[in-house]
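> Data file protein.csv (CSV, C-alpha atoms) is appended below.
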```
chain,number,residue,atom,x,y,z
A,1,MET,CA,-51.2,1.3,76.1
A,2,GLU,CA,-47.4,0.9,76.6
A,3,ALA,CA,-45.0,3.7,76.2
A,4,ALA,CA,-42.7,3.4,73.3
A,5,GLY,CA,-39.2,2.5,74.3
A,6,PRO,CA,-36.0,4.1,73.1
A,7,PRO,CA,-35.4,3.8,69.3
A,8,THR,CA,-33.6,0.6,68.4
A,9,GLN,CA,-30.5,0.6,66.3
A,10,PRO,CA,-30.6,-1.4,63.1
A,11,PRO,CA,-28.5,-4.6,63.4
A,12,ALA,CA,-24.9,-4.3,62.4
A,13,PRO,CA,-24.2,-5.3,58.8
A,14,HIS,CA,-22.4,-8.5,58.0
A,15,PRO,CA,-18.6,-8.0,58.5
A,16,SER,CA,-18.1,-8.5,54.7
A,17,VAL,CA,-20.6,-5.7,53.9
A,18,ALA,CA,-19.5,-3.3,56.7
A,19,PRO,CA,-16.9,-1.5,54.5
A,20,LEU,CA,-19.6,-0.7,52.0
A,21,SER,CA,-22.3,0.3,54.5
A,22,PHE,CA,-22.1,3.9,53.2
A,23,LEU,CA,-24.0,2.7,50.2
A,24,LEU,CA,-26.9,1.1,52.1
A,25,GLY,CA,-30.3,2.7,51.9
A,26,LYS,CA,-32.5,4.3,49.3
A,27,TRP,CA,-31.1,7.0,47.0
A,28,ARG,CA,-32.9,9.4,44.6
A,29,GLY,CA,-31.7,12.1,42.2
A,30,GLU,CA,-31.2,13.1,38.7
A,31,GLY,CA,-28.9,12.2,35.9
A,32,GLU,CA,-28.0,12.7,32.3
A,33,GLY,CA,-27.0,10.4,29.5
A,34,THR,CA,-25.1,10.9,26.3
A,35,PHE,CA,-23.4,8.8,23.7
A,36,PRO,CA,-22.3,9.4,20.1
A,37,THR,CA,-25.2,7.4,18.7
A,38,ILE,CA,-28.0,9.0,20.8
A,39,ALA,CA,-29.4,12.4,21.7
A,40,PRO,CA,-28.5,13.6,25.2
A,41,PHE,CA,-31.2,13.0,27.8
A,42,ARG,CA,-32.1,13.7,31.4
A,43,TYR,CA,-33.6,11.3,33.9
A,44,GLY,CA,-34.8,10.8,37.4
A,45,GLU,CA,-33.4,7.8,39.3
A,46,GLU,CA,-33.9,5.7,42.4
A,47,ILE,CA,-31.4,3.2,43.7
A,48,LEU,CA,-31.9,0.8,46.7
A,49,PHE,CA,-28.9,-0.9,48.3
A,50,SER,CA,-30.4,-3.4,50.8
A,51,HIS,CA,-28.8,-6.0,53.1
A,52,HIS,CA,-29.7,-8.7,55.6
A,53,PRO,CA,-27.1,-8.9,58.4
A,54,SER,CA,-26.8,-12.7,58.0
A,55,LYS,CA,-25.7,-12.6,54.4
A,56,PRO,CA,-22.4,-11.3,52.9
A,57,VAL,CA,-24.1,-9.6,50.0
A,58,ILE,CA,-25.9,-6.4,49.1
A,59,SER,CA,-29.1,-6.5,47.0
A,60,TYR,CA,-29.2,-3.7,44.4
A,61,THR,CA,-32.2,-2.4,42.5
A,62,GLN,CA,-32.3,0.7,40.2
A,63,ARG,CA,-35.0,2.4,38.2
A,64,THR,CA,-35.1,5.5,36.1
A,65,TRP,CA,-37.8,7.7,34.5
A,66,LYS,CA,-37.9,10.5,32.0
A,67,ALA,CA,-37.2,13.8,33.8
A,68,ALA,CA,-39.8,15.7,31.9
A,69,SER,CA,-42.8,13.3,31.9
A,70,GLY,CA,-42.0,10.7,34.7
A,71,GLU,CA,-42.5,7.9,32.1
A,72,PRO,CA,-40.5,4.8,33.2
A,73,MET,CA,-37.2,4.2,31.4
A,74,HIS,CA,-34.5,1.7,32.4
A,75,ALA,CA,-34.4,-0.7,35.4
A,76,GLU,CA,-31.8,-3.2,36.6
A,77,SER,CA,-31.2,-5.3,39.7
A,78,GLY,CA,-28.5,-7.6,41.0
A,79,TYR,CA,-26.1,-8.4,43.8
A,80,TRP,CA,-22.9,-6.9,45.1
A,81,ARG,CA,-20.5,-9.3,46.8
A,82,PRO,CA,-17.6,-7.6,48.7
A,83,ARG,CA,-14.6,-9.9,49.2
A,84,PRO,CA,-12.2,-9.8,52.2
A,85,ASP,CA,-9.3,-8.7,49.9
A,86,GLY,CA,-11.1,-5.4,49.0
A,87,SER,CA,-12.3,-6.7,45.7
A,88,LEU,CA,-16.0,-6.6,44.7
A,89,GLU,CA,-18.0,-9.0,42.5
A,90,VAL,CA,-21.3,-7.6,41.0
A,91,VAL,CA,-23.9,-9.2,38.8
A,92,ILE,CA,-26.6,-7.0,37.2
A,93,ALA,CA,-29.6,-7.9,35.0
A,94,GLN,CA,-31.0,-5.0,33.0
A,95,SER,CA,-34.6,-4.6,31.8
A,96,THR,CA,-33.2,-4.6,28.2
A,97,GLY,CA,-32.2,-8.2,28.6
A,98,LEU,CA,-28.5,-7.4,29.0
A,99,ALA,CA,-26.6,-9.1,31.9
A,100,GLU,CA,-23.3,-7.8,33.4
A,101,VAL,CA,-20.7,-9.6,35.5
A,102,GLN,CA,-18.4,-6.9,36.9
A,103,LYS,CA,-15.4,-7.0,39.1
A,104,GLY,CA,-13.7,-4.1,40.9
A,105,SER,CA,-12.6,-2.7,44.1
A,106,TYR,CA,-13.8,-0.4,46.9
A,107,ASP,CA,-12.1,2.1,49.3
A,108,ALA,CA,-14.1,2.4,52.5
A,109,GLU,CA,-12.2,5.5,53.7
A,110,LYS,CA,-12.6,7.4,50.4
A,111,LYS,CA,-16.1,5.9,50.0
A,112,THR,CA,-15.5,4.9,46.4
A,113,VAL,CA,-16.3,1.9,44.2
A,114,THR,CA,-14.8,1.1,40.8
A,115,LEU,CA,-16.2,-1.7,38.6
A,116,GLN,CA,-15.2,-3.1,35.2
A,117,SER,CA,-17.2,-5.6,33.2
A,118,GLU,CA,-15.8,-9.1,32.9
A,119,LEU,CA,-18.7,-10.2,30.8
A,120,VAL,CA,-21.6,-8.4,29.1
A,121,GLY,CA,-24.1,-11.1,28.1
A,122,ASN,CA,-27.0,-11.1,25.7
A,123,ALA,CA,-25.8,-7.9,24.1
A,124,SER,CA,-25.5,-7.5,20.4
A,125,LYS,CA,-23.8,-4.0,20.5
A,126,VAL,CA,-22.5,-3.4,24.0
A,127,LYS,CA,-19.0,-4.7,24.6
A,128,GLN,CA,-17.8,-3.2,27.8
A,129,ILE,CA,-19.3,-1.3,30.8
A,130,ALA,CA,-17.4,0.5,33.6
A,131,ARG,CA,-19.0,2.0,36.7
A,132,ALA,CA,-17.5,4.4,39.3
A,133,PHE,CA,-19.3,5.4,42.4
A,134,GLN,CA,-18.2,8.1,44.9
A,135,MET,CA,-19.8,9.5,48.0
A,136,VAL,CA,-19.0,13.1,48.8
A,137,ASP,CA,-20.7,15.3,51.5
A,138,GLY,CA,-23.5,12.7,51.9
A,139,GLU,CA,-24.3,12.6,48.2
A,140,LEU,CA,-23.7,9.6,46.0
A,141,SER,CA,-22.5,10.2,42.4
A,142,TYR,CA,-21.6,7.8,39.7
A,143,ILE,CA,-20.3,7.7,36.1
A,144,VAL,CA,-21.1,4.8,33.8
A,145,GLN,CA,-18.9,4.3,30.8
A,146,MET,CA,-19.8,2.1,27.8
A,147,ALA,CA,-18.1,0.6,24.8
A,148,THR,CA,-20.0,-0.7,21.8
A,149,ILE,CA,-19.0,-2.5,18.6
A,150,THR,CA,-18.6,1.0,17.0
A,151,ASN,CA,-17.5,3.2,19.9
A,152,SER,CA,-14.6,2.9,22.4
A,153,LEU,CA,-15.2,3.1,26.2
A,154,GLN,CA,-16.5,6.6,27.0
A,155,PRO,CA,-18.9,8.3,29.4
A,156,HIS,CA,-22.6,7.3,28.9
A,157,LEU,CA,-24.4,8.2,32.2
A,158,LYS,CA,-23.8,10.3,35.3
A,159,ALA,CA,-26.0,11.1,38.2
A,160,LEU,CA,-26.1,12.7,41.6
A,161,LEU,CA,-28.3,11.1,44.3
A,162,LYS,CA,-29.3,12.0,47.8
A,163,ARG,CA,-30.3,9.4,50.5
A,164,ILE,CA,-34.0,9.5,51.2
```
Give the structure from the file, written as structure tokens.


Amino acid sequence: MEAAGPPTQPPAPHPSVAPLSFLLGKWRGEGEGTFPTIAPFRYGEEILFSHHPSKPVISYTQRTWKAASGEPMHAESGYWRPRPDGSLEVVIAQSTGLAEVQKGSYDAEKKTVTLQSELVGNASKVKQIARAFQMVDGELSYIVQMATITNSLQPHLKALLKRI
């Protein structure tokens, strides 16, 4: 039986993805949702940002569950494409059938990402979605804002996640 060698480092990310490498990995935590048309709620959440070093893109998957019962709630997946100019293009398909095309920017030093919907497709009521992510002290937080046909852009979801 051979002795195990020293641990190997994961390959370096694609140069386009490197500024967003702080997002890479699996995150888990809790969040809360609110909106004028719904009762406030709490949820558990897991997000995975994964990446293959040969591709200039980050794969994104997210799932939530009811905090009290563990019953599945929302899920979405998509791709994050960082651009050399510091902009970011994101496409997300939600389990509700809604599709988002978002554009935004990132700051690698501050470890922030800000996204604004360019298109919300297959949605009868949702007109706009904005997402803001920030990493502080090793924890990832976000705020999702939403506008509908009857309500202006305002906070809808917020969560705090830890890398697992």

> List the neighbours of range 52-66 of chain A out to 6 Å using only C-alpha atoms; skip same-chain residues closer than 4 positions along the sequence, and give me the result as an MDAnalysis selection string.

chainID A and resid 13:14 16:17 43:48 70:81

> Of the residues A:Val136, A:Ala67, A:Val101, A:Ala18, which is the one nearest to Leu115 in chain A, using only C-alpha atoms?

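Going through A:Val136, A:Ala67, A:Val101, A:Ala18 one by one, the smallest distance to Leu115 in chain A is for A:Val101.
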
> From the set A:Ala147, A:Ala68, A:Ile38, A:Val126, which residue has the shortest atom-to-atom contact distance to Thr96 in chain A, counting only C-alpha atoms?

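Checking each candidate against Thr96 in chain A, we get A:Val126 as the closest.
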
> Work out how far apart CA of Ala123 in chain A and CA of Pro82 in chain A are and give it in Å to one decimal.

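Calculated distance between CA of Ala123 in chain A and CA of Pro82 in chain A is 25.9 Å.
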
> May I have the residues within 9 Å of Met146 in chain A as a list in words, using all atoms listed in the file and disregarding those fewer than 5 positions away in the same chain?

Phe35, Val126, Lys127, Gln128, Ile129, Ala130, Arg131, Asn151, Ser152, Leu153, Gln154, Pro155, His156 and Leu157 of chain A

> Can you write out the residues you just picked, keeping C-alpha atoms, as an mmCIF file, in the coordinates of the input?


```cif
data_model
loop_
_atom_site.group_PDB
_atom_site.id
_atom_site.type_symbol
_atom_site.label_atom_id
_atom_site.label_comp_id
_atom_site.auth_asym_id
_atom_site.auth_seq_id
_atom_site.Cartn_x
_atom_site.Cartn_y
_atom_site.Cartn_z
ATOM 1 C CA PHE A 35 -23.400 8.800 23.700
ATOM 2 C CA VAL A 126 -22.500 -3.400 24.000
ATOM 3 C CA LYS A 127 -19.000 -4.700 24.600
ATOM 4 C CA GLN A 128 -17.800 -3.200 27.800
ATOM 5 C CA ILE A 129 -19.300 -1.300 30.800
ATOM 6 C CA ALA A 130 -17.400 0.500 33.600
ATOM 7 C CA ARG A 131 -19.000 2.000 36.700
ATOM 8 C CA ASN A 151 -17.500 3.200 19.900
ATOM 9 C CA SER A 152 -14.600 2.900 22.400
ATOM 10 C CA LEU A 153 -15.200 3.100 26.200
ATOM 11 C CA GLN A 154 -16.500 6.600 27.000
ATOM 12 C CA PRO A 155 -18.900 8.300 29.400
ATOM 13 C CA HIS A 156 -22.600 7.300 28.900
ATOM 14 C CA LEU A 157 -24.400 8.200 32.200
#
```

> Of the candidates A:Phe22, A:Pro36, A:Pro11, A:Tyr142, which shows the shortest atom-to-atom distance to Ala108 in chain A, using all atoms listed in the file?

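Of all the options, A:Phe22 lies closest to Ala108 in chain A.
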
> Out of A:Ala12, A:Lys111, A:Lys162, A:Leu119, which residue has the shortest atom-to-atom distance to Glu89 in chain A when counting all atoms listed in the file?

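Counting all atoms listed in the file, the residue closest to Glu89 in chain A is A:Leu119.
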
> Would you mind reading off the distance between CA of Ala93 in chain A and CA of Gln116 in chain A, one decimal, in Å?

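Between these atoms lies a distance of 15.2 Å.
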
> For CA of Asp107 in chain A and CA of Arg83 in chain A, quote the distance in Å rounded to one decimal.

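Going from CA of Asp107 in chain A over to CA of Arg83 in chain A, I get 12.3 Å.
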
> When distances are computed from all atoms listed in the file, which of A:Ile92, A:Leu140, A:Glu32, A:Gly97 shows the smallest separation from Glu118 in chain A?

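Once distances to Glu118 in chain A are computed over all atoms listed in the file, the minimum belongs to A:Ile92.
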
> Please list as a list in words every residue within 12 Å of Met135 in chain A, counting only C-alpha atoms and excluding residues in the same chain fewer than 2 positions away.

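Here the qualifying residues turn out to be Leu20, Ser21, Phe22, Leu23, Leu24, Trp27, Tyr106, Asp107, Ala108, Glu109, Lys110, Lys111, Thr112, Val113, Ala132, Phe133, Asp137, Gly138, Glu139, Leu140, Ser141, Tyr142, Ala159, Leu160, Leu161, Lys162 and Arg163 of chain A.
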
> So, counting only C-alpha atoms, which residue among A:Gly86, A:Lys158, A:Lys125, A:Thr114 is closest to Leu98 in chain A?

A:Lys125

> Do you know which residues are at most 8 Å from Ile164 in chain A counting all atoms listed in the file, after dropping those on the same chain fewer than 3 positions away, and could you put them as a ChimeraX atom specification?

/A:25-28

> Could you write range 25-60 of chain A of the block just shown to a file containing N, CA, C and O atoms, as a PDB file, in the first residue's frame?


```pdb
ATOM      1  N   GLY A  25     -17.711  27.300  -4.327  1.00  0.00           N
ATOM      2  CA  GLY A  25     -17.934  26.350  -3.244  1.00  0.00           C
ATOM      3  C   GLY A  25     -19.403  26.213  -2.926  1.00  0.00           C
ATOM      4  O   GLY A  25     -20.279  26.759  -3.599  1.00  0.00           O
ATOM      5  N   LYS A  26     -19.657  25.447  -1.865  1.00  0.00           N
ATOM      6  CA  LYS A  26     -21.024  25.191  -1.420  1.00  0.00           C
ATOM      7  C   LYS A  26     -21.285  26.029  -0.177  1.00  0.00           C
ATOM      8  O   LYS A  26     -20.467  26.086   0.738  1.00  0.00           O
ATOM      9  N   TRP A  27     -22.442  26.680  -0.157  1.00  0.00           N
ATOM     10  CA  TRP A  27     -22.847  27.588   0.915  1.00  0.00           C
ATOM     11  C   TRP A  27     -24.180  27.125   1.489  1.00  0.00           C
ATOM     12  O   TRP A  27     -25.062  26.692   0.735  1.00  0.00           O
ATOM     13  N   ARG A  28     -24.344  27.247   2.796  1.00  0.00           N
ATOM     14  CA  ARG A  28     -25.614  26.872   3.409  1.00  0.00           C
ATOM     15  C   ARG A  28     -25.939  27.862   4.525  1.00  0.00           C
ATOM     16  O   ARG A  28     -25.040  28.320   5.224  1.00  0.00           O
ATOM     17  N   GLY A  29     -27.229  28.152   4.668  1.00  0.00           N
ATOM     18  CA  GLY A  29     -27.629  29.067   5.725  1.00  0.00           C
ATOM     19  C   GLY A  29     -29.134  29.229   5.775  1.00  0.00           C
ATOM     20  O   GLY A  29     -29.875  28.362   5.314  1.00  0.00           O
ATOM     21  N   GLU A  30     -29.538  30.370   6.318  1.00  0.00           N
ATOM     22  CA  GLU A  30     -30.962  30.651   6.489  1.00  0.00           C
ATOM     23  C   GLU A  30     -31.295  32.034   5.955  1.00  0.00           C
ATOM     24  O   GLU A  30     -30.434  32.915   5.921  1.00  0.00           O
ATOM     25  N   GLY A  31     -32.538  32.178   5.564  1.00  0.00           N
ATOM     26  CA  GLY A  31     -32.985  33.460   5.044  1.00  0.00           C
ATOM     27  C   GLY A  31     -34.416  33.744   5.440  1.00  0.00           C
ATOM     28  O   GLY A  31     -35.085  32.922   6.060  1.00  0.00           O
ATOM     29  N   GLU A  32     -34.842  34.926   5.050  1.00  0.00           N
ATOM     30  CA  GLU A  32     -36.227  35.311   5.291  1.00  0.00           C
ATOM     31  C   GLU A  32     -36.751  36.060   4.085  1.00  0.00           C
ATOM     32  O   GLU A  32     -36.002  36.742   3.385  1.00  0.00           O
ATOM     33  N   GLY A  33     -38.041  35.884   3.852  1.00  0.00           N
ATOM     34  CA  GLY A  33     -38.692  36.529   2.723  1.00  0.00           C
ATOM     35  C   GLY A  33     -39.880  37.349   3.175  1.00  0.00           C
ATOM     36  O   GLY A  33     -40.533  37.015   4.163  1.00  0.00           O
ATOM     37  N   THR A  34     -40.109  38.406   2.414  1.00  0.00           N
ATOM     38  CA  THR A  34     -41.253  39.271   2.687  1.00  0.00           C
ATOM     39  C   THR A  34     -41.610  39.995   1.391  1.00  0.00           C
ATOM     40  O   THR A  34     -40.780  40.144   0.500  1.00  0.00           O
ATOM     41  N   PHE A  35     -42.835  40.396   1.296  1.00  0.00           N
ATOM     42  CA  PHE A  35     -43.306  41.209   0.176  1.00  0.00           C
ATOM     43  C   PHE A  35     -44.714  41.655   0.547  1.00  0.00           C
ATOM     44  O   PHE A  35     -45.397  40.951   1.312  1.00  0.00           O
ATOM     45  N   PRO A  36     -45.181  42.794   0.066  1.00  0.00           N
ATOM     46  CA  PRO A  36     -46.505  43.281   0.480  1.00  0.00           C
ATOM     47  C   PRO A  36     -47.648  42.294   0.227  1.00  0.00           C
ATOM     48  O   PRO A  36     -48.652  42.335   0.927  1.00  0.00           O
ATOM     49  N   THR A  37     -47.493  41.413  -0.745  1.00  0.00           N
ATOM     50  CA  THR A  37     -48.598  40.525  -1.123  1.00  0.00           C
ATOM     51  C   THR A  37     -48.521  39.141  -0.479  1.00  0.00           C
ATOM     52  O   THR A  37     -49.359  38.293  -0.762  1.00  0.00           O
ATOM     53  N   ILE A  38     -47.499  38.895   0.382  1.00  0.00           N
ATOM     54  CA  ILE A  38     -47.359  37.572   1.011  1.00  0.00           C
ATOM     55  C   ILE A  38     -47.030  37.714   2.496  1.00  0.00           C
ATOM     56  O   ILE A  38     -46.534  38.744   2.942  1.00  0.00           O
ATOM     57  N   ALA A  39     -47.281  36.635   3.239  1.00  0.00           N
ATOM     58  CA  ALA A  39     -46.902  36.605   4.661  1.00  0.00           C
ATOM     59  C   ALA A  39     -45.396  36.375   4.752  1.00  0.00           C
ATOM     60  O   ALA A  39     -44.837  35.606   3.958  1.00  0.00           O
ATOM     61  N   PRO A  40     -44.722  37.015   5.698  1.00  0.00           N
ATOM     62  CA  PRO A  40     -43.283  36.788   5.868  1.00  0.00           C
ATOM     63  C   PRO A  40     -42.999  35.303   6.134  1.00  0.00           C
ATOM     64  O   PRO A  40     -43.828  34.603   6.721  1.00  0.00           O
ATOM     65  N   PHE A  41     -41.829  34.836   5.700  1.00  0.00           N
ATOM     66  CA  PHE A  41     -41.477  33.425   5.877  1.00  0.00           C
ATOM     67  C   PHE A  41     -39.972  33.286   6.080  1.00  0.00           C
ATOM     68  O   PHE A  41     -39.201  34.156   5.717  1.00  0.00           O
ATOM     69  N   ARG A  42     -39.576  32.145   6.676  1.00  0.00           N
ATOM     70  CA  ARG A  42     -38.170  31.823   6.897  1.00  0.00           C
ATOM     71  C   ARG A  42     -37.844  30.560   6.096  1.00  0.00           C
ATOM     72  O   ARG A  42     -38.703  29.702   5.905  1.00  0.00           O
ATOM     73  N   TYR A  43     -36.602  30.477   5.647  1.00  0.00           N
ATOM     74  CA  TYR A  43     -36.213  29.320   4.851  1.00  0.00           C
ATOM     75  C   TYR A  43     -34.752  28.958   5.078  1.00  0.00           C
ATOM     76  O   TYR A  43     -33.950  29.775   5.499  1.00  0.00           O
ATOM     77  N   GLY A  44     -34.458  27.689   4.806  1.00  0.00           N
ATOM     78  CA  GLY A  44     -33.081  27.217   4.743  1.00  0.00           C
ATOM     79  C   GLY A  44     -32.654  27.238   3.287  1.00  0.00           C
ATOM     80  O   GLY A  44     -33.502  27.167   2.383  1.00  0.00           O
ATOM     81  N   GLU A  45     -31.353  27.325   3.052  1.00  0.00           N
ATOM     82  CA  GLU A  45     -30.896  27.466   1.670  1.00  0.00           C
ATOM     83  C   GLU A  45     -29.522  26.851   1.479  1.00  0.00           C
ATOM     84  O   GLU A  45     -28.688  26.863   2.376  1.00  0.00           O
ATOM     85  N   GLU A  46     -29.318  26.336   0.278  1.00  0.00           N
ATOM     86  CA  GLU A  46     -27.991  25.873  -0.129  1.00  0.00           C
ATOM     87  C   GLU A  46     -27.718  26.391  -1.534  1.00  0.00           C
ATOM     88  O   GLU A  46     -28.582  26.307  -2.410  1.00  0.00           O
ATOM     89  N   ILE A  47     -26.532  26.957  -1.717  1.00  0.00           N
ATOM     90  CA  ILE A  47     -26.096  27.459  -3.022  1.00  0.00           C
ATOM     91  C   ILE A  47     -24.777  26.791  -3.363  1.00  0.00           C
ATOM     92  O   ILE A  47     -23.913  26.635  -2.491  1.00  0.00           O
ATOM     93  N   LEU A  48     -24.630  26.402  -4.610  1.00  0.00           N
ATOM     94  CA  LEU A  48     -23.364  25.856  -5.097  1.00  0.00           C
ATOM     95  C   LEU A  48     -22.897  26.694  -6.282  1.00  0.00           C
ATOM     96  O   LEU A  48     -23.615  26.825  -7.279  1.00  0.00           O
ATOM     97  N   PHE A  49     -21.698  27.273  -6.151  1.00  0.00           N
ATOM     98  CA  PHE A  49     -21.023  27.940  -7.253  1.00  0.00           C
ATOM     99  C   PHE A  49     -19.882  27.018  -7.655  1.00  0.00           C
ATOM    100  O   PHE A  49     -18.944  26.815  -6.875  1.00  0.00           O
ATOM    101  N   SER A  50     -19.967  26.415  -8.842  1.00  0.00           N
ATOM    102  CA  SER A  50     -18.919  25.492  -9.280  1.00  0.00           C
ATOM    103  C   SER A  50     -18.310  25.979 -10.585  1.00  0.00           C
ATOM    104  O   SER A  50     -18.887  26.807 -11.286  1.00  0.00           O
ATOM    105  N   HIS A  51     -17.138  25.406 -10.901  1.00  0.00           N
ATOM    106  CA  HIS A  51     -16.375  25.947 -12.017  1.00  0.00           C
ATOM    107  C   HIS A  51     -15.382  24.906 -12.520  1.00  0.00           C
ATOM    108  O   HIS A  51     -14.759  24.209 -11.723  1.00  0.00           O
ATOM    109  N   HIS A  52     -15.241  24.810 -13.828  1.00  0.00           N
ATOM    110  CA  HIS A  52     -14.168  23.998 -14.418  1.00  0.00           C
ATOM    111  C   HIS A  52     -13.119  24.960 -14.951  1.00  0.00           C
ATOM    112  O   HIS A  52     -13.454  25.888 -15.692  1.00  0.00           O
ATOM    113  N   PRO A  53     -11.847  24.761 -14.587  1.00  0.00           N
ATOM    114  CA  PRO A  53     -10.794  25.723 -14.944  1.00  0.00           C
ATOM    115  C   PRO A  53     -10.640  26.003 -16.437  1.00  0.00           C
ATOM    116  O   PRO A  53     -10.057  27.015 -16.805  1.00  0.00           O
ATOM    117  N   SER A  54     -11.179  25.137 -17.292  1.00  0.00           N
ATOM    118  CA  SER A  54     -11.039  25.378 -18.735  1.00  0.00           C
ATOM    119  C   SER A  54     -12.135  26.291 -19.285  1.00  0.00           C
ATOM    120  O   SER A  54     -12.088  26.684 -20.446  1.00  0.00           O
ATOM    121  N   LYS A  55     -13.124  26.619 -18.462  1.00  0.00           N
ATOM    122  CA  LYS A  55     -14.266  27.412 -18.939  1.00  0.00           C
ATOM    123  C   LYS A  55     -14.354  28.755 -18.214  1.00  0.00           C
ATOM    124  O   LYS A  55     -14.220  28.818 -17.001  1.00  0.00           O
ATOM    125  N   PRO A  56     -14.666  29.836 -18.935  1.00  0.00           N
ATOM    126  CA  PRO A  56     -14.778  31.169 -18.316  1.00  0.00           C
ATOM    127  C   PRO A  56     -16.170  31.431 -17.747  1.00  0.00           C
ATOM    128  O   PRO A  56     -16.760  32.493 -17.951  1.00  0.00           O
ATOM    129  N   VAL A  57     -16.720  30.451 -17.020  1.00  0.00           N
ATOM    130  CA  VAL A  57     -18.090  30.556 -16.527  1.00  0.00           C
ATOM    131  C   VAL A  57     -18.208  29.836 -15.179  1.00  0.00           C
ATOM    132  O   VAL A  57     -17.474  28.889 -14.914  1.00  0.00           O
ATOM    133  N   ILE A  58     -19.127  30.317 -14.351  1.00  0.00           N
ATOM    134  CA  ILE A  58     -19.437  29.679 -13.074  1.00  0.00           C
ATOM    135  C   ILE A  58     -20.838  29.085 -13.188  1.00  0.00           C
ATOM    136  O   ILE A  58     -21.778  29.772 -13.598  1.00  0.00           O
ATOM    137  N   SER A  59     -20.977  27.805 -12.828  1.00  0.00           N
ATOM    138  CA  SER A  59     -22.299  27.177 -12.755  1.00  0.00           C
ATOM    139  C   SER A  59     -22.888  27.480 -11.391  1.00  0.00           C
ATOM    140  O   SER A  59     -22.178  27.473 -10.380  1.00  0.00           O
ATOM    141  N   TYR A  60     -24.203  27.725 -11.369  1.00  0.00           N
ATOM    142  CA  TYR A  60     -24.886  28.148 -10.148  1.00  0.00           C
ATOM    143  C   TYR A  60     -26.120  27.294  -9.938  1.00  0.00           C
ATOM    144  O   TYR A  60     -26.906  27.101 -10.868  1.00  0.00           O
TER     145      TYR A  60
END
```
